[in-house]
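What's in model_19.pdb: PDB, C-alpha atoms
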```pdb
ATOM      1  CA  MET A   1     -51.365  -9.150  37.377
ATOM      2  CA  GLU A   2     -49.746  -9.220  40.771
ATOM      3  CA  ILE A   3     -46.205  -9.832  41.982
ATOM      4  CA  LYS A   4     -45.928 -13.342  43.423
ATOM      5  CA  ASP A   5     -42.196 -13.963  43.298
ATOM      6  CA  THR A   6     -39.129 -11.838  43.970
ATOM      7  CA  ILE A   7     -35.468 -12.391  43.232
ATOM      8  CA  ILE A   8     -33.247 -10.215  45.392
ATOM      9  CA  ILE A   9     -30.122 -10.678  43.281
ATOM     10  CA  ALA A  10     -27.639  -9.623  45.974
ATOM     11  CA  GLU A  11     -29.030 -12.260  48.372
ATOM     12  CA  GLU A  12     -29.672 -15.165  46.023
ATOM     13  CA  PHE A  13     -27.020 -14.783  43.326
ATOM     14  CA  GLY A  14     -24.182 -12.458  44.350
ATOM     15  CA  ASP A  15     -23.657  -8.821  45.197
ATOM     16  CA  THR A  16     -21.606  -7.877  42.122
ATOM     17  CA  ALA A  17     -22.491  -8.019  38.475
ATOM     18  CA  GLY A  18     -20.000  -9.847  36.290
ATOM     19  CA  ALA A  19     -19.798  -9.744  32.519
ATOM     20  CA  ARG A  20     -21.821 -11.609  29.908
ATOM     21  CA  ASP A  21     -20.878 -15.289  29.536
ATOM     22  CA  TYR A  22     -19.477 -17.999  31.827
ATOM     23  CA  GLU A  23     -16.032 -17.669  30.230
ATOM     24  CA  ASP A  24     -15.995 -13.989  31.214
ATOM     25  CA  GLY A  25     -15.711 -14.855  34.881
ATOM     26  CA  ASP A  26     -17.953 -15.358  37.914
ATOM     27  CA  PHE A  27     -21.408 -13.883  38.343
ATOM     28  CA  SER A  28     -21.999 -13.511  34.630
ATOM     29  CA  GLY A  29     -25.307 -12.486  33.130
ATOM     30  CA  LYS A  30     -25.643 -15.886  31.505
ATOM     31  CA  GLU A  31     -25.144 -17.643  34.840
ATOM     32  CA  PHE A  32     -27.860 -15.485  36.394
ATOM     33  CA  TYR A  33     -30.099 -16.201  33.414
ATOM     34  CA  ASP A  34     -29.633 -19.971  33.556
ATOM     35  CA  LYS A  35     -29.818 -20.457  37.310
ATOM     36  CA  PHE A  36     -32.352 -17.848  38.402
ATOM     37  CA  LEU A  37     -34.002 -15.703  35.783
ATOM     38  CA  LEU A  38     -35.178 -18.258  33.227
ATOM     39  CA  PRO A  39     -36.607 -20.900  35.623
ATOM     40  CA  ARG A  40     -38.436 -18.304  37.729
ATOM     41  CA  PHE A  41     -39.642 -16.415  34.655
ATOM     42  CA  LYS A  42     -41.084 -19.617  33.170
ATOM     43  CA  LYS A  43     -43.020 -20.155  36.403
ATOM     44  CA  ALA A  44     -44.267 -16.549  36.257
ATOM     45  CA  ILE A  45     -45.618 -17.110  32.755
ATOM     46  CA  GLN A  46     -47.242 -20.413  33.714
ATOM     47  CA  GLY A  47     -48.799 -18.924  36.857
ATOM     48  CA  ASN A  48     -49.655 -15.679  35.058
ATOM     49  CA  TYR A  49     -48.003 -13.414  37.617
ATOM     50  CA  ILE A  50     -45.177 -10.891  37.785
ATOM     51  CA  LEU A  51     -41.645 -11.753  38.807
ATOM     52  CA  LEU A  52     -39.914  -8.900  40.629
ATOM     53  CA  ILE A  53     -36.164  -8.461  40.298
ATOM     54  CA  ASP A  54     -34.860  -6.434  43.218
ATOM     55  CA  LEU A  55     -31.463  -4.827  42.697
ATOM     56  CA  LYS A  56     -31.061  -3.804  46.322
ATOM     57  CA  ASP A  57     -27.343  -3.856  47.339
ATOM     58  CA  PHE A  58     -26.338  -5.209  43.946
ATOM     59  CA  TRP A  59     -23.181  -3.501  42.748
ATOM     60  CA  GLY A  60     -22.588  -2.518  39.119
ATOM     61  CA  TRP A  61     -24.862  -2.822  36.124
ATOM     62  CA  PRO A  62     -22.760  -3.314  33.002
ATOM     63  CA  SER A  63     -24.566  -3.765  29.700
ATOM     64  CA  SER A  64     -22.758  -7.073  29.168
ATOM     65  CA  PHE A  65     -24.420  -8.512  32.293
ATOM     66  CA  VAL A  66     -27.818  -7.069  31.404
ATOM     67  CA  SER A  67     -27.721  -8.270  27.791
ATOM     68  CA  GLY A  68     -26.420 -11.672  28.940
ATOM     69  CA  SER A  69     -29.499 -12.116  31.124
ATOM     70  CA  PHE A  70     -32.439  -9.819  30.281
ATOM     71  CA  GLY A  71     -31.393  -9.425  26.638
ATOM     72  CA  ILE A  72     -31.412 -13.176  26.073
ATOM     73  CA  LEU A  73     -34.743 -13.471  27.865
ATOM     74  CA  SER A  74     -36.187 -10.803  25.575
ATOM     75  CA  LYS A  75     -34.899 -12.576  22.458
ATOM     76  CA  GLU A  76     -36.420 -15.805  23.725
ATOM     77  CA  TYR A  77     -39.819 -14.490  24.803
ATOM     78  CA  THR A  78     -40.165 -11.050  23.063
ATOM     79  CA  ALA A  79     -39.897  -7.711  24.817
ATOM     80  CA  LYS A  80     -43.663  -7.453  25.274
ATOM     81  CA  THR A  81     -43.962 -10.739  27.199
ATOM     82  CA  VAL A  82     -40.889  -9.992  29.294
ATOM     83  CA  LEU A  83     -42.163  -6.543  30.269
ATOM     84  CA  GLU A  84     -45.543  -8.025  31.089
ATOM     85  CA  HIS A  85     -44.216 -10.630  33.511
ATOM     86  CA  LEU A  86     -41.115  -8.921  34.825
ATOM     87  CA  GLN A  87     -40.589  -5.889  37.007
ATOM     88  CA  ILE A  88     -37.208  -4.516  37.977
ATOM     89  CA  LYS A  89     -36.801  -2.443  41.113
ATOM     90  CA  CYS A  90     -33.829  -0.405  42.218
ATOM     91  CA  LEU A  91     -34.755   2.303  44.685
ATOM     92  CA  ALA A  92     -31.175   3.507  45.086
ATOM     93  CA  ASN A  93     -30.643   3.968  41.354
ATOM     94  CA  PRO A  94     -33.834   3.865  39.249
ATOM     95  CA  MET A  95     -31.773   4.348  36.104
ATOM     96  CA  LYS A  96     -30.782   0.679  36.377
ATOM     97  CA  GLU A  97     -34.436  -0.235  35.772
ATOM     98  CA  GLU A  98     -34.486   1.933  32.665
ATOM     99  CA  LYS A  99     -31.197   0.513  31.410
ATOM    100  CA  ALA A 100     -32.607  -2.997  31.727
ATOM    101  CA  LYS A 101     -35.786  -1.957  29.896
ATOM    102  CA  TYR A 102     -33.654  -0.413  27.162
ATOM    103  CA  ILE A 103     -31.817  -3.722  26.656
ATOM    104  CA  ILE A 104     -35.097  -5.670  26.790
ATOM    105  CA  ASN A 105     -36.524  -3.405  24.082
ATOM    106  CA  ASN A 106     -33.330  -3.475  22.009
ATOM    107  CA  PRO A 107     -31.915  -6.960  22.595
ATOM    108  CA  ASP A 108     -30.156  -7.153  19.225
ATOM    109  CA  LYS A 109     -28.429  -3.790  19.408
ATOM    110  CA  GLN A 110     -24.690  -4.263  20.032
TER
ATOM    111  CA  MET B   1     -19.731  75.061   7.149
ATOM    112  CA  ARG B   2     -20.031  73.261  10.486
ATOM    113  CA  ILE B   3     -19.618  76.541  12.339
ATOM    114  CA  PHE B   4     -22.439  78.075  10.226
ATOM    115  CA  PHE B   5     -24.776  75.222  11.145
ATOM    116  CA  ARG B   6     -23.805  75.168  14.791
ATOM    117  CA  TYR B   7     -23.744  78.883  15.591
ATOM    118  CA  ILE B   8     -26.118  80.494  13.092
ATOM    119  CA  LEU B   9     -28.636  78.128  11.530
ATOM    120  CA  THR B  10     -29.393  76.008  14.660
ATOM    121  CA  PRO B  11     -30.175  79.011  16.939
ATOM    122  CA  ILE B  12     -32.331  80.580  14.200
ATOM    123  CA  LEU B  13     -34.271  77.322  13.697
ATOM    124  CA  THR B  14     -34.671  76.845  17.461
ATOM    125  CA  LEU B  15     -35.978  80.404  17.784
ATOM    126  CA  LEU B  16     -38.450  79.950  14.912
ATOM    127  CA  ILE B  17     -39.703  76.623  16.303
ATOM    128  CA  GLY B  18     -40.090  78.228  19.763
ATOM    129  CA  ILE B  19     -42.108  81.109  18.318
ATOM    130  CA  ALA B  20     -44.291  78.685  16.359
ATOM    131  CA  ILE B  21     -45.017  76.526  19.423
ATOM    132  CA  GLY B  22     -45.743  79.619  21.524
ATOM    133  CA  LYS B  23     -48.161  80.921  18.923
ATOM    134  CA  LEU B  24     -49.864  77.572  18.670
ATOM    135  CA  ILE B  25     -50.368  77.281  22.437
ATOM    136  CA  ASN B  26     -51.513  80.883  22.698
ATOM    137  CA  ASP B  27     -54.080  80.835  19.881
ATOM    138  CA  TRP B  28     -55.341  77.324  19.488
ATOM    139  CA  PRO B  29     -56.970  75.362  21.073
ATOM    140  CA  LYS B  30     -58.197  77.217  24.084
ATOM    141  CA  PHE B  31     -57.954  75.074  27.184
ATOM    142  CA  LYS B  32     -60.416  75.281  30.039
ATOM    143  CA  ILE B  33     -59.571  73.652  33.338
ATOM    144  CA  ASN B  34     -62.424  71.975  35.182
ATOM    145  CA  TYR B  35     -61.758  71.979  38.936
ATOM    146  CA  GLU B  36     -64.557  69.526  39.786
ATOM    147  CA  VAL B  37     -62.963  66.185  40.466
ATOM    148  CA  LYS B  38     -64.951  62.956  40.723
ATOM    149  CA  VAL B  39     -63.895  60.066  43.020
ATOM    150  CA  THR B  40     -64.031  57.686  40.070
ATOM    151  CA  ASP B  41     -61.597  59.918  38.185
ATOM    152  CA  ILE B  42     -59.121  59.735  41.081
ATOM    153  CA  PHE B  43     -59.564  55.991  41.170
ATOM    154  CA  LYS B  44     -58.934  55.819  37.419
ATOM    155  CA  ILE B  45     -55.757  57.891  37.725
ATOM    156  CA  VAL B  46     -54.440  55.814  40.636
ATOM    157  CA  THR B  47     -55.240  52.574  38.801
ATOM    158  CA  THR B  48     -53.551  53.795  35.638
ATOM    159  CA  ILE B  49     -50.426  54.787  37.565
ATOM    160  CA  ALA B  50     -50.404  51.455  39.437
ATOM    161  CA  VAL B  51     -50.802  49.473  36.206
ATOM    162  CA  GLY B  52     -48.095  51.570  34.581
ATOM    163  CA  ILE B  53     -45.696  50.834  37.439
ATOM    164  CA  PHE B  54     -46.549  47.228  38.281
ATOM    165  CA  ILE B  55     -46.907  45.692  34.818
ATOM    166  CA  PRO B  56     -43.282  46.431  33.828
ATOM    167  CA  LEU B  57     -42.135  45.208  37.259
ATOM    168  CA  ILE B  58     -44.085  41.947  36.936
ATOM    169  CA  VAL B  59     -42.834  41.416  33.387
ATOM    170  CA  LYS B  60     -39.262  42.079  34.536
ATOM    171  CA  LYS B  61     -39.662  39.623  37.429
ATOM    172  CA  LEU B  62     -41.065  36.948  35.103
ATOM    173  CA  ILE B  63     -38.158  37.429  32.696
ATOM    174  CA  ASP B  64     -35.627  37.283  35.542
ATOM    175  CA  ASP B  65     -37.246  34.134  36.998
ATOM    176  CA  LYS B  66     -37.201  32.426  33.618
ATOM    177  CA  ARG B  67     -33.588  33.423  33.048
ATOM    178  CA  SER B  68     -32.494  32.086  36.422
ATOM    179  CA  LYS B  69     -34.461  28.851  35.863
ATOM    180  CA  ASN B  70     -32.771  28.427  32.477
ATOM    181  CA  ASP B  71     -29.382  29.157  34.059
ATOM    182  CA  ASN B  72     -30.027  26.385  36.595
ATOM    183  CA  LEU B  73     -31.035  23.933  33.890
ATOM    184  CA  LEU B  74     -27.954  24.774  31.826
ATOM    185  CA  GLU B  75     -25.738  24.451  34.887
ATOM    186  CA  GLU B  76     -27.131  20.963  35.575
ATOM    187  CA  LEU B  77     -26.545  19.927  31.969
ATOM    188  CA  SER B  78     -23.013  21.328  31.967
ATOM    189  CA  ALA B  79     -22.172  19.373  35.121
ATOM    190  CA  PHE B  80     -23.490  16.192  33.536
ATOM    191  CA  SER B  81     -21.635  16.950  30.304
ATOM    192  CA  LYS B  82     -18.421  17.316  32.314
ATOM    193  CA  MET B  83     -18.962  13.930  33.985
ATOM    194  CA  ILE B  84     -19.408  12.252  30.620
ATOM    195  CA  GLU B  85     -16.343  14.054  29.278
ATOM    196  CA  ASN B  86     -14.244  12.827  32.223
ATOM    197  CA  MET B  87     -15.453   9.311  31.609
ATOM    198  CA  ASN B  88     -14.571   9.559  27.940
ATOM    199  CA  ASN B  89     -11.110  10.925  28.764
ATOM    200  CA  TYR B  90     -10.562   7.973  31.094
ATOM    201  CA  ILE B  91     -11.508   5.482  28.372
ATOM    202  CA  HIS B  92      -9.368   7.406  25.904
ATOM    203  CA  GLU B  93      -6.357   7.077  28.226
ATOM    204  CA  LEU B  94      -6.963   3.341  28.563
ATOM    205  CA  TYR B  95      -7.054   2.996  24.795
ATOM    206  CA  LYS B  96      -3.914   5.099  24.364
ATOM    207  CA  ASN B  97      -2.022   3.074  26.988
ATOM    208  CA  LYS B  98      -3.169  -0.178  25.343
ATOM    209  CA  LYS B  99      -3.928  -1.594  28.778
ATOM    210  CA  ILE B 100      -7.048  -2.191  30.840
ATOM    211  CA  ILE B 101      -7.019  -3.965  34.203
ATOM    212  CA  SER B 102      -9.810  -5.115  36.481
ATOM    213  CA  LYS B 103      -9.564  -1.917  38.583
ATOM    214  CA  ASP B 104     -10.288   0.137  35.440
ATOM    215  CA  LYS B 105     -13.290  -2.032  34.622
ATOM    216  CA  ASP B 106     -14.649  -1.538  38.142
ATOM    217  CA  TYR B 107     -14.085   2.199  37.824
ATOM    218  CA  ILE B 108     -15.997   2.358  34.526
ATOM    219  CA  ASN B 109     -18.833   0.370  36.083
ATOM    220  CA  MET B 110     -18.938   2.641  39.095
ATOM    221  CA  GLN B 111     -18.844   5.801  36.990
ATOM    222  CA  PHE B 112     -21.763   4.591  34.904
ATOM    223  CA  ASP B 113     -23.724   3.953  38.091
ATOM    224  CA  ILE B 114     -23.044   7.528  39.174
ATOM    225  CA  THR B 115     -23.760   9.110  35.772
ATOM    226  CA  GLY B 116     -26.905   6.982  35.548
ATOM    227  CA  LYS B 117     -28.220   8.545  38.745
ATOM    228  CA  GLU B 118     -27.250  11.949  37.429
ATOM    229  CA  VAL B 119     -29.075  11.409  34.112
ATOM    230  CA  LYS B 120     -32.184  10.305  35.953
ATOM    231  CA  GLU B 121     -32.166  13.352  38.205
ATOM    232  CA  ILE B 122     -31.489  15.757  35.342
ATOM    233  CA  CYS B 123     -34.239  14.250  33.211
ATOM    234  CA  ASN B 124     -36.755  14.416  36.065
ATOM    235  CA  PHE B 125     -35.782  18.003  36.804
ATOM    236  CA  LEU B 126     -35.888  19.092  33.183
ATOM    237  CA  GLU B 127     -39.138  17.299  32.406
ATOM    238  CA  GLU B 128     -40.824  19.267  35.181
ATOM    239  CA  ASN B 129     -39.472  22.557  33.906
ATOM    240  CA  CYS B 130     -39.380  22.243  30.136
ATOM    241  CA  SER B 131     -41.615  22.305  27.099
ATOM    242  CA  THR B 132     -42.863  19.173  25.293
ATOM    243  CA  LYS B 133     -40.282  19.682  22.563
ATOM    244  CA  THR B 134     -37.469  19.729  25.111
ATOM    245  CA  SER B 135     -38.898  16.545  26.634
ATOM    246  CA  THR B 136     -38.546  14.828  23.253
ATOM    247  CA  LEU B 137     -34.948  16.023  23.006
ATOM    248  CA  LEU B 138     -34.388  14.752  26.551
ATOM    249  CA  LEU B 139     -35.632  11.332  25.567
ATOM    250  CA  ASP B 140     -33.161  11.343  22.658
ATOM    251  CA  MET B 141     -30.414  12.350  25.076
ATOM    252  CA  LYS B 142     -31.353   9.538  27.449
ATOM    253  CA  ASN B 143     -31.309   7.000  24.612
ATOM    254  CA  ALA B 144     -27.915   8.306  23.475
ATOM    255  CA  TYR B 145     -26.697   7.830  27.044
ATOM    256  CA  PHE B 146     -27.995   4.230  27.029
ATOM    257  CA  SER B 147     -26.145   3.524  23.784
ATOM    258  CA  TYR B 148     -22.978   5.037  25.227
ATOM    259  CA  TRP B 149     -23.358   2.948  28.394
ATOM    260  CA  GLN B 150     -24.083  -0.154  26.317
ATOM    261  CA  ILE B 151     -20.892   0.061  24.273
ATOM    262  CA  SER B 152     -18.677   1.310  27.133
ATOM    263  CA  THR B 153     -19.628  -1.539  29.475
ATOM    264  CA  SER B 154     -19.869  -4.171  26.762
ATOM    265  CA  ILE B 155     -17.967  -7.423  26.814
ATOM    266  CA  ALA B 156     -15.295  -5.834  24.574
ATOM    267  CA  VAL B 157     -14.401  -3.497  27.449
ATOM    268  CA  ILE B 158     -15.179  -5.235  30.729
ATOM    269  CA  GLY B 159     -14.876  -8.898  29.742
ATOM    270  CA  SER B 160     -12.422 -10.670  32.058
ATOM    271  CA  SER B 161     -10.217 -11.743  29.140
ATOM    272  CA  ILE B 162      -9.945  -8.208  27.772
ATOM    273  CA  ARG B 163      -6.486  -6.686  28.310
ATOM    274  CA  LYS B 164      -6.812  -3.658  26.031
ATOM    275  CA  ILE B 165      -9.543  -1.735  24.230
ATOM    276  CA  ASP B 166      -9.325  -2.555  20.538
ATOM    277  CA  ASP B 167      -9.551  -0.020  17.707
ATOM    278  CA  SER B 168     -13.031  -0.937  16.564
ATOM    279  CA  THR B 169     -14.507  -0.807  20.092
ATOM    280  CA  PHE B 170     -12.824   2.527  20.779
ATOM    281  CA  LYS B 171     -14.166   3.884  17.495
ATOM    282  CA  ASN B 172     -17.691   2.826  18.485
ATOM    283  CA  ILE B 173     -17.301   4.328  21.952
ATOM    284  CA  SER B 174     -16.093   7.601  20.426
ATOM    285  CA  GLN B 175     -19.015   7.670  18.000
ATOM    286  CA  GLU B 176     -21.523   7.146  20.794
ATOM    287  CA  TYR B 177     -19.785   9.789  22.884
ATOM    288  CA  THR B 178     -20.007  12.287  20.015
ATOM    289  CA  GLU B 179     -23.675  11.445  19.563
ATOM    290  CA  MET B 180     -24.266  11.911  23.273
ATOM    291  CA  THR B 181     -22.581  15.339  23.380
ATOM    292  CA  LYS B 182     -24.534  16.354  20.277
ATOM    293  CA  LYS B 183     -27.802  15.508  22.048
ATOM    294  CA  ILE B 184     -26.735  17.423  25.161
ATOM    295  CA  ARG B 185     -25.973  20.458  22.974
ATOM    296  CA  LEU B 186     -29.409  20.200  21.337
ATOM    297  CA  VAL B 187     -31.125  20.201  24.733
ATOM    298  CA  LYS B 188     -29.002  23.172  25.807
ATOM    299  CA  SER B 189     -29.789  25.209  22.703
ATOM    300  CA  ASP B 190     -33.492  24.398  23.039
ATOM    301  CA  ILE B 191     -33.467  25.665  26.616
ATOM    302  CA  LEU B 192     -31.730  28.849  25.470
ATOM    303  CA  LYS B 193     -34.295  29.376  22.719
ATOM    304  CA  ASN B 194     -37.274  29.112  25.083
TER
END
```
Here is the file; what I need is its structure written in the form of structure tokens.
Amino acid sequence: MEIKDTIIIAEEFGDTAGARDYEDGDFSGKEFYDKFLLPRFKKAIQGNYILLIDLKDFWGWPSSFVSGSFGILSKEYTAKTVLEHLQIKCLANPMKEEKAKYIINNPDKQ
Amino acid sequence: MRIFFRYILTPILTLLIGIAIGKLINDWPKFKINYEVKVTDIFKIVTTIAVGIFIPLIVKKLIDDKRSKNDNLLEELSAFSKMIENMNNYIHELYKNKKIISKDKDYINMQFDITGKEVKEICNFLEENCSTKTSTLLLDMKNAYFSYWQISTSIAVIGSSIRKIDDSTFKNISQEYTEMTKKIRLVKSDILKN
């Protein structure tokens, strides 16, 4: 499978990660999920390609944001499907990729 | 009694042993020195001396190298452990003061970005230099770090409506911190063992 779509979060969504839900303030994980992640991920599944999430220049990576976006996606589509169609890239801090994978694999863990 | 042993018995025994050794060398066996020396014999002697000198040196160097490598690994882990401890102290202060403001939330976020990079570098470094068993312990340590990050940057800490860290969240953070330090200690002791 090849990468056919890329979301550079800092350019399309905002340069700072918020918290989890809309009521927790701007740039929440849920807002990112609703407006960017879910629609583009659905297209990736339909077109059978990989969606790349680029964390270049994106500040912060709290678990509340990650579980509010990638965690929900994993609950909705299973970790296996999400990891098949989604790739996360952060050259400056590769641990962010691993943190996201951890949440995707453990979406129910509080 | 001590004087008897020291000044009478010991010299007598020494004298008797000396006479016995002298007699033994004098009477039996009779040595005959062969002055014909072969080149191969010289080579054998030189090789034996070289092996006798170099093997202990090589072994010593290997031990020193391993010790200094282990010291480096432990130093890296201690630095990381200190970072996590500072972070925990900061959260502890916030809990004690019953107040958390947006600046504190940003600080926690930033610190987890920094410690995240540190964990990644340490794990890469250790994986290259450690045994398979240590790699398993490293994976446990990494997962403990993820759990600690998960609870410390959860909505109960960085949510915009949160004004203080509640008892239950602080208890969970402390538990994860303890777990994390336990895993770091396990990695350290495994490095020391090997």
### Residue contacts of Leu86 of chain A (6 Å, all atoms listed in the file) excluding same-chain residues fewer than 5 positions away, as a list in words
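Near Leu86 of chain A, the qualifying residues are Ile50, Leu51 and Leu52 of chain A.
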### Message
Calculated over only C-alpha atoms, which of the candidates A:Lys43, A:Lys35, A:Lys30, A:Lys89 has the smallest distance to Phe65 of chain A?
### Response
A:Lys30
Expected selection from the PyMOL selection byres ((chain B) within 7 of (chain A)), given as a PDB file with C-alpha atoms, in the frame of the given file:
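So the final result, stored in out-v9.pdb, reads:
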```pdb
ATOM      1  CA  ASN B 109     -18.833   0.370  36.083  1.00  0.00           C
ATOM      2  CA  MET B 110     -18.938   2.641  39.095  1.00  0.00           C
ATOM      3  CA  ASP B 113     -23.724   3.953  38.091  1.00  0.00           C
ATOM      4  CA  GLY B 116     -26.905   6.982  35.548  1.00  0.00           C
ATOM      5  CA  LYS B 117     -28.220   8.545  38.745  1.00  0.00           C
ATOM      6  CA  LYS B 120     -32.184  10.305  35.953  1.00  0.00           C
ATOM      7  CA  PHE B 146     -27.995   4.230  27.029  1.00  0.00           C
ATOM      8  CA  TRP B 149     -23.358   2.948  28.394  1.00  0.00           C
ATOM      9  CA  GLN B 150     -24.083  -0.154  26.317  1.00  0.00           C
ATOM     10  CA  THR B 153     -19.628  -1.539  29.475  1.00  0.00           C
ATOM     11  CA  SER B 154     -19.869  -4.171  26.762  1.00  0.00           C
ATOM     12  CA  ILE B 155     -17.967  -7.423  26.814  1.00  0.00           C
ATOM     13  CA  ILE B 158     -15.179  -5.235  30.729  1.00  0.00           C
ATOM     14  CA  GLY B 159     -14.876  -8.898  29.742  1.00  0.00           C
ATOM     15  CA  SER B 160     -12.422 -10.670  32.058  1.00  0.00           C
ATOM     16  CA  SER B 161     -10.217 -11.743  29.140  1.00  0.00           C
TER      17      SER B 161
END
```
### Task
Go ahead and compute the interatomic distance for atom CA of Leu37 of chain A and atom CA of Gly14 of chain A, in Å to one decimal.
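It comes out at 13.4 Å.
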### Answer key for the PyMOL selection byres ((chain B and resi 70) around 10), residues as a PyMOL selection string
chain B and resi 64-69+71-76+126+129-130+188+191-194
### Query
Which is closest to Thr81 of chain A among A:Ile53, A:Asn48, A:Pro39, A:Gly29, if we use only C-alpha atoms?
A:Asn48
